[in-house]
>>> print(open('structure_6.txt').read())   # compact mmCIF, C-alpha atoms
# COMPACT_ATOMS: atom_id res chain seq x y z
CA MET A 16 32.35 68.67 -101.01
CA SER A 17 31.74 65.50 -99.02
CA ALA A 18 33.76 66.64 -95.99
CA ALA A 19 31.97 69.98 -95.71
CA LEU A 20 28.59 68.23 -95.94
CA ASN A 21 29.33 66.56 -92.61
CA CYS A 22 30.10 69.84 -90.83
CA ASN A 23 28.03 72.26 -88.81
CA ILE A 24 28.71 75.73 -90.17
CA SER A 25 27.93 78.94 -88.30
CA PHE A 26 27.92 82.40 -89.82
CA ILE A 27 28.47 85.44 -87.66
CA GLY A 28 26.82 88.07 -89.82
CA GLY A 29 24.06 87.29 -92.29
CA GLY A 30 24.54 89.94 -94.97
CA ASN A 31 24.66 89.54 -98.74
CA MET A 32 27.92 87.62 -98.94
CA ALA A 33 26.93 85.25 -96.15
CA GLN A 34 23.57 84.72 -97.85
CA ALA A 35 25.35 83.92 -101.12
CA LEU A 36 27.51 81.30 -99.40
CA ILE A 37 24.54 79.82 -97.56
CA GLY A 38 22.56 79.53 -100.79
CA GLY A 39 25.52 77.92 -102.53
CA LEU A 40 26.10 75.43 -99.73
CA ILE A 41 22.46 74.38 -99.63
CA SER A 42 22.40 73.98 -103.41
CA ARG A 43 25.48 71.73 -103.12
CA GLY A 44 23.67 69.46 -100.67
CA LEU A 45 24.52 70.78 -97.19
CA PRO A 46 21.36 70.34 -95.08
CA ALA A 47 19.99 73.71 -93.99
CA THR A 48 19.72 72.31 -90.47
CA ARG A 49 23.54 72.21 -90.31
CA ILE A 50 23.73 76.00 -90.81
CA THR A 51 23.37 78.58 -88.04
CA VAL A 52 23.40 82.33 -88.59
CA SER A 53 23.76 84.99 -85.94
CA ASP A 54 22.76 88.51 -86.89
CA PRO A 55 21.51 91.44 -84.79
CA VAL A 56 18.98 92.55 -87.44
CA GLU A 57 15.58 90.89 -87.09
CA LYS A 58 14.73 91.38 -90.78
CA VAL A 59 17.84 89.43 -91.77
CA ARG A 60 17.04 86.63 -89.32
CA LEU A 61 13.47 86.33 -90.59
CA PHE A 62 14.67 86.15 -94.19
CA LEU A 63 17.21 83.43 -93.41
CA ALA A 64 14.76 81.49 -91.27
CA GLU A 65 12.67 81.01 -94.41
CA LYS A 66 15.56 78.93 -95.77
CA ASP A 67 15.19 76.64 -92.73
CA VAL A 68 18.60 77.55 -91.27
CA HIS A 69 18.92 78.16 -87.56
CA VAL A 70 18.95 81.86 -86.67
CA THR A 71 19.84 83.73 -83.51
CA ASP A 72 21.18 87.04 -82.26
CA ASP A 73 23.43 85.29 -79.72
CA ASN A 74 26.93 84.79 -81.14
CA ILE A 75 28.04 82.50 -78.34
CA ALA A 76 25.05 80.21 -78.84
CA ALA A 77 25.61 80.29 -82.61
CA ILE A 78 29.14 78.89 -82.44
CA ARG A 79 28.59 76.36 -79.65
CA ASP A 80 28.14 73.29 -81.87
CA ALA A 81 29.94 74.60 -84.94
CA ASP A 82 32.78 72.84 -86.74
CA ILE A 83 33.37 75.89 -88.96
CA VAL A 84 32.70 79.49 -87.97
CA LEU A 85 32.68 82.08 -90.74
CA PHE A 86 32.86 85.75 -89.82
CA ALA A 87 31.05 88.07 -92.23
CA VAL A 88 30.73 91.32 -90.29
CA LYS A 89 31.71 94.91 -91.01
CA PRO A 90 35.36 95.71 -90.18
CA GLN A 91 34.39 98.52 -87.80
CA VAL A 92 32.49 96.12 -85.49
CA LEU A 93 34.97 93.23 -85.68
CA ALA A 94 36.69 93.78 -82.35
CA GLY A 95 33.39 94.16 -80.52
CA VAL A 96 32.09 90.94 -82.05
CA LEU A 97 35.22 88.86 -81.50
CA LYS A 98 36.30 89.84 -77.99
CA PRO A 99 33.37 88.13 -76.18
CA LEU A 100 34.14 84.92 -78.11
CA LYS A 101 37.77 84.64 -77.05
CA GLY A 102 38.80 81.15 -75.98
CA LEU A 103 35.70 79.43 -77.40
CA PHE A 104 37.23 78.02 -80.57
CA GLU A 105 38.82 74.73 -79.55
CA GLY A 106 38.17 72.22 -82.33
CA LYS A 107 36.72 74.86 -84.67
CA LEU A 108 37.99 76.18 -87.98
CA VAL A 109 37.66 79.95 -88.33
CA MET A 110 37.07 81.57 -91.70
CA SER A 111 36.93 85.32 -92.20
CA ILE A 112 35.70 87.37 -95.14
CA VAL A 113 36.09 90.60 -93.16
CA ALA A 114 37.86 93.12 -95.38
CA GLY A 115 41.22 94.24 -93.99
CA ALA A 116 41.19 91.84 -91.03
CA GLU A 117 44.61 90.23 -90.87
CA ILE A 118 45.02 86.78 -89.39
CA SER A 119 47.15 88.15 -86.55
CA THR A 120 44.37 90.57 -85.59
CA ILE A 121 41.76 87.81 -85.50
CA ALA A 122 44.12 85.40 -83.72
CA ASN A 123 44.80 87.89 -80.94
CA LEU A 124 41.10 88.58 -80.45
CA LEU A 125 40.00 84.92 -80.47
CA ASP A 126 43.08 83.13 -79.07
CA THR A 127 43.26 80.65 -81.96
CA ASN A 128 45.53 80.25 -84.99
CA ARG A 129 43.26 77.92 -86.96
CA ILE A 130 42.16 80.73 -89.28
CA VAL A 131 41.61 81.04 -93.02
CA ARG A 132 41.43 84.54 -94.43
CA VAL A 133 39.33 85.04 -97.54
CA MET A 134 38.90 87.86 -100.02
CA PRO A 135 35.68 87.13 -101.91
CA ASN A 136 33.92 89.26 -104.50
CA THR A 137 30.30 90.14 -105.15
CA PRO A 138 29.68 87.83 -108.17
CA ALA A 139 29.49 85.14 -105.49
CA LEU A 140 25.89 86.33 -105.26
CA VAL A 141 25.29 84.60 -108.63
CA GLN A 142 27.67 81.68 -108.00
CA THR A 143 30.44 83.13 -110.17
CA GLY A 144 32.68 84.55 -107.47
CA ALA A 145 36.46 84.60 -107.36
CA HIS A 146 37.84 83.93 -103.89
CA GLY A 147 41.44 84.39 -102.76
CA LEU A 148 42.42 82.40 -99.66
CA TYR A 149 45.37 82.44 -97.29
CA ALA A 150 46.24 80.55 -94.11
CA THR A 151 49.34 80.14 -91.99
CA ASP A 152 51.05 76.79 -91.33
CA ALA A 153 48.77 76.44 -88.29
CA VAL A 154 46.03 75.39 -90.72
CA ASN A 155 46.51 71.84 -91.98
CA ALA A 156 45.68 70.38 -95.38
CA GLN A 157 42.34 69.00 -94.21
CA ASP A 158 41.21 72.42 -93.00
CA ARG A 159 42.36 74.02 -96.25
CA GLU A 160 40.27 71.54 -98.19
CA LEU A 161 37.26 72.28 -95.98
CA ALA A 162 37.64 76.01 -96.58
CA SER A 163 37.94 75.43 -100.31
CA GLN A 164 34.78 73.33 -100.33
CA VAL A 165 32.78 75.97 -98.47
CA LEU A 166 33.79 78.71 -100.88
CA ALA A 167 33.62 76.61 -104.05
CA ALA A 168 29.85 76.65 -103.56
CA THR A 169 29.87 80.17 -104.99
CA GLY A 170 32.77 80.25 -107.42
CA LEU A 171 36.50 79.92 -108.05
CA THR A 172 38.86 79.40 -105.10
CA LEU A 173 42.58 80.15 -105.32
CA TRP A 174 45.15 79.98 -102.51
CA VAL A 175 47.90 82.60 -102.32
CA ASN A 176 51.35 82.09 -100.83
CA SER A 177 51.49 85.04 -98.45
CA GLU A 178 49.02 87.21 -96.60
CA ALA A 179 50.46 90.27 -98.33
CA GLN A 180 49.10 88.84 -101.58
CA ILE A 181 45.57 89.18 -100.22
CA ASP A 182 45.96 92.92 -100.82
CA ALA A 183 46.74 92.16 -104.47
CA VAL A 184 43.71 89.85 -104.64
CA THR A 185 41.63 92.71 -103.23
CA ALA A 186 42.89 95.00 -105.99
CA VAL A 187 42.33 92.50 -108.80
CA SER A 188 39.17 90.57 -107.94
CA GLY A 189 37.83 92.03 -104.70
CA SER A 190 37.34 95.47 -106.22
CA GLY A 191 37.48 94.12 -109.77
CA PRO A 192 33.73 93.87 -110.49
CA ALA A 193 33.46 97.65 -110.11
CA TYR A 194 36.07 98.17 -112.83
CA PHE A 195 34.04 96.12 -115.29
CA PHE A 196 30.81 97.86 -114.25
CA TYR A 197 32.58 101.17 -114.90
CA MET A 198 33.52 99.98 -118.39
CA MET A 199 29.95 98.84 -119.00
CA GLU A 200 28.59 102.22 -117.89
CA SER A 201 30.92 103.97 -120.30
CA MET A 202 30.03 101.69 -123.22
CA ILE A 203 26.30 102.12 -122.60
CA ARG A 204 26.71 105.88 -122.47
CA ALA A 205 28.75 105.82 -125.68
CA GLY A 206 26.14 103.68 -127.41
CA LYS A 207 23.44 106.19 -126.50
CA ASN A 208 25.61 109.05 -127.77
CA LEU A 209 26.01 107.15 -131.04
CA GLY A 210 22.23 106.96 -131.47
CA LEU A 211 21.25 103.66 -129.87
CA ASP A 212 18.25 103.31 -127.59
CA GLU A 213 19.39 102.87 -123.96
CA LYS A 214 17.85 99.40 -123.70
CA VAL A 215 19.59 98.32 -126.89
CA ALA A 216 22.93 99.79 -125.82
CA THR A 217 22.62 98.11 -122.43
CA ALA A 218 21.68 94.69 -123.83
CA LEU A 219 24.50 94.76 -126.37
CA THR A 220 27.06 95.86 -123.77
CA LEU A 221 26.12 93.27 -121.15
CA GLN A 222 25.95 90.39 -123.61
CA THR A 223 29.27 91.43 -125.12
CA ALA A 224 30.86 91.48 -121.65
CA LEU A 225 29.45 88.04 -120.90
CA GLY A 226 30.57 86.65 -124.23
CA ALA A 227 34.06 88.07 -123.98
CA ALA A 228 34.50 86.65 -120.47
CA GLN A 229 33.22 83.25 -121.57
CA MET A 230 35.57 83.24 -124.55
CA ALA A 231 38.52 84.14 -122.33
CA ILE A 232 37.63 81.39 -119.84
CA THR A 233 37.12 78.63 -122.39
CA SER A 234 39.74 79.54 -125.00
CA SER A 235 43.27 78.17 -125.05
CA ASN A 236 44.39 81.65 -126.17
CA THR A 237 45.35 84.42 -123.76
CA PRO A 238 43.25 87.59 -123.55
CA ALA A 239 46.04 89.39 -125.45
CA GLU A 240 45.83 86.84 -128.25
CA LEU A 241 42.04 87.04 -128.35
CA ARG A 242 42.25 90.81 -128.63
CA LYS A 243 44.66 90.53 -131.56
CA ASN A 244 42.36 88.01 -133.24
CA VAL A 245 39.48 90.49 -133.39
CA THR A 246 41.63 93.48 -134.38
CA SER A 247 41.78 93.72 -138.16
CA PRO A 248 44.47 96.04 -139.62
CA ASN A 249 43.04 99.51 -140.18
CA GLY A 250 39.63 98.30 -139.00
CA THR A 251 37.08 99.62 -136.51
CA THR A 252 38.53 97.78 -133.52
CA GLN A 253 42.01 99.09 -134.21
CA ALA A 254 40.65 102.64 -134.43
CA ALA A 255 39.12 102.26 -130.96
CA LEU A 256 42.18 100.59 -129.41
CA GLU A 257 44.45 103.33 -130.72
CA VAL A 258 42.37 105.82 -128.73
CA PHE A 259 42.84 103.62 -125.64
CA ASP A 260 46.60 103.54 -126.23
CA ARG A 261 46.86 107.29 -126.67
CA ALA A 262 45.01 107.73 -123.39
CA GLN A 263 47.37 105.22 -121.74
CA ILE A 264 44.43 103.14 -120.54
CA SER A 265 46.61 100.11 -119.75
CA GLN A 266 49.03 102.17 -117.65
CA ASN A 267 46.14 103.86 -115.85
CA ILE A 268 44.50 100.53 -115.05
CA GLN A 269 47.77 99.29 -113.55
CA ALA A 270 48.07 102.48 -111.51
CA ALA A 271 44.48 102.13 -110.33
CA LEU A 272 45.03 98.58 -109.08
CA ALA A 273 48.22 99.65 -107.33
CA ALA A 274 46.19 102.35 -105.56
CA ALA A 275 43.60 99.76 -104.53
CA GLN A 276 46.33 97.49 -103.17
CA LYS A 277 47.88 100.36 -101.19
CA ARG A 278 44.51 101.29 -99.71
CA SER A 279 43.90 97.66 -98.73
CA GLN A 280 47.22 97.69 -96.86
CA GLU A 281 46.29 100.93 -95.11
CA LEU A 282 42.87 99.61 -94.06
CA ALA A 283 44.47 96.47 -92.62
CA GLN A 284 46.85 98.60 -90.56
CA GLU A 285 44.04 100.84 -89.36
CA LEU A 286 41.92 97.85 -88.34
CA SER A 287 44.84 96.22 -86.54
CA GLU A 288 45.49 99.37 -84.51
CA SER A 289 41.83 99.94 -83.67
CA SER A 290 41.41 96.33 -82.49
CA LYS A 291 44.12 96.50 -79.83
>>> encode(input="structure_6.txt", output="structure tokens")
Amino acid sequence: MSAALNCNISFIGGGNMAQALIGGLISRGLPATRITVSDPVEKVRLFLAEKDVHVTDDNIAAIRDADIVLFAVKPQVLAGVLKPLKGLFEGKLVMSIVAGAEISTIANLLDTNRIVRVMPNTPALVQTGAHGLYATDAVNAQDRELASQVLAATGLTLWVNSEAQIDAVTAVSGSGPAYFFYMMESMIRAGKNLGLDEKVATALTLQTALGAAQMAITSSNTPAELRKNVTSPNGTTQAALEVFDRAQISQNIQAALAAAQKRSQELAQELSESSK
């Protein structure tokens, strides 16, 4: 990430996701002195100041010397945060991890088209995130590489071909950790019902989830093939999977992700209308 290491990066909003990115960037070699964070909450500023980054509650001051400005604020305050900054982004790359904030909405509020929209997910907090990125043709290859380098500090980065696909990214990976947590909850509960101690059921479930994910990542086989490999005819795994099939689990998962995508589209529309 040699190019990003030579940039001044400012974060507007210093919450969990911003903190994850800051930690990742510092661990990759970006000097803390090149990072500025603006946040209205004193507790957040004090915490970040301990990392030797610059902190302020003045957004205009925060972006003054920035090469990259990353917005990490709540969607409901976006318009109020962006409007006072309009016209101040000459020579700056804008990145946004604000859920539902379309590039056109941000562009209208800031008067710039040099914007990369990002849908991250919470495993970025442990440097195993999955980030979907999109930018219009107004963002050149150099800026795309810069954005990739910033986000690669906390996980996988993948570019999508249209902004509409960000809603699909939201459904798959943005909301995705909750689906796996839901599965873990259910397996832990089932283990307890089957007579296991809660600590044992929890440890077995979490390690199994980690192992399965690691196998899927490192194997040349697809998840479908891996599933078949551990499903012996008339065995215990087949008995469990037959219950899943009767309950149409696969169809329900697909319907659930479609619902998440639809809600992402609705939130984007609501935010666009409220920002006018």
>>> residues_around(input="structure_6.txt", residues="stretch 151-161 of chain A", least_positions_apart="4", cutoff="8 Å", atoms="all atoms listed in the file", output="list in words")
Met16, Ala18, Ala19, Leu108, Asn128, Arg129, Ile130, Val131 and Val165 of chain A
>>> closest_residue(input="structure_6.txt", among="A:Thr120, A:Ser111, A:Gln284, A:Asn74", to="A:Pro99", atoms="only C-alpha atoms")
A:Asn74
>>> closest_residue(input="structure_6.txt", among="A:Thr137, A:Gln222, A:Gln280, A:Thr143", to="A:Ala167", atoms="all atoms listed in the file")
A:Thr143
>>> residues_around(input="structure_6.txt", residues="A:Gln91", least_positions_apart="2", cutoff="10 Å", atoms="only C-alpha atoms", output="PyMOL selection string")
chain A and resi 88-89+93-96+113-114+286+289-290
>>> residues_around(input="structure_6.txt", residues="stretch 228-243 of chain A", least_positions_apart="2", cutoff="12 Å", atoms="only C-alpha atoms", output="list in words")
Thr143, Leu171, Phe195, Leu221, Gln222, Thr223, Ala224, Leu225, Gly226, Val245, Thr246, Ser247, Pro248, Gly250, Thr252, Gln253 and Leu256 of chain A
>>> closest_residue(input="structure_6.txt", among="A:Phe196, A:Ala35, A:Ala205, A:Arg278", to="A:Gln142", atoms="only C-alpha atoms")
A:Ala35
>>> closest_residue(input="structure_6.txt", among="A:Ala76, A:Leu100, A:Val56, A:Leu85", to="A:Ile37", atoms="all atoms listed in the file")
A:Leu85
>>> residues_around(input="structure_6.txt", residues="A:His146", least_positions_apart="2", cutoff="7 Å", atoms="all atoms listed in the file", output="VMD selection string")
chain A and resid 133 to 136 144 148 171 to 173
>>> closest_residue(input="structure_6.txt", among="A:Leu140, A:Val92, A:Ala193, A:Leu97", to="A:Asn123", atoms="all atoms listed in the file")
A:Leu97
>>> atom_distance(input="structure_6.txt", atom1="atom CA of A:Asn244", atom2="atom CA of A:Val258")
18.4 Å
>>> closest_residue(input="structure_6.txt", among="A:Ala122, A:Pro192, A:Gln263, A:Tyr149", to="A:Lys291", atoms="all atoms listed in the file")
A:Ala122
>>> residues_around(input="structure_6.txt", residues="A:Ala186", least_positions_apart="5", cutoff="10 Å", atoms="all atoms listed in the file", output="JSON, numbers by chain")
{"A": [180, 181, 191, 269, 271, 272, 273, 274, 275, 276, 277, 278, 279]}
>>> atom_distance(input="structure_6.txt", atom1="atom CA of A:Ile83", atom2="atom CA of A:Gly115")
20.6 Å
>>> atom_distance(input="structure_6.txt", atom1="atom CA of A:Ile203", atom2="atom CA of A:Ala216")
5.2 Å
>>> residues_near_point(input="structure_6.txt", point="(32.0, 80.0, -88.7)", cutoff="6 Å", atoms="all atoms listed in the file", output="number ranges by chain")
A: 24-26, 83-86, 109
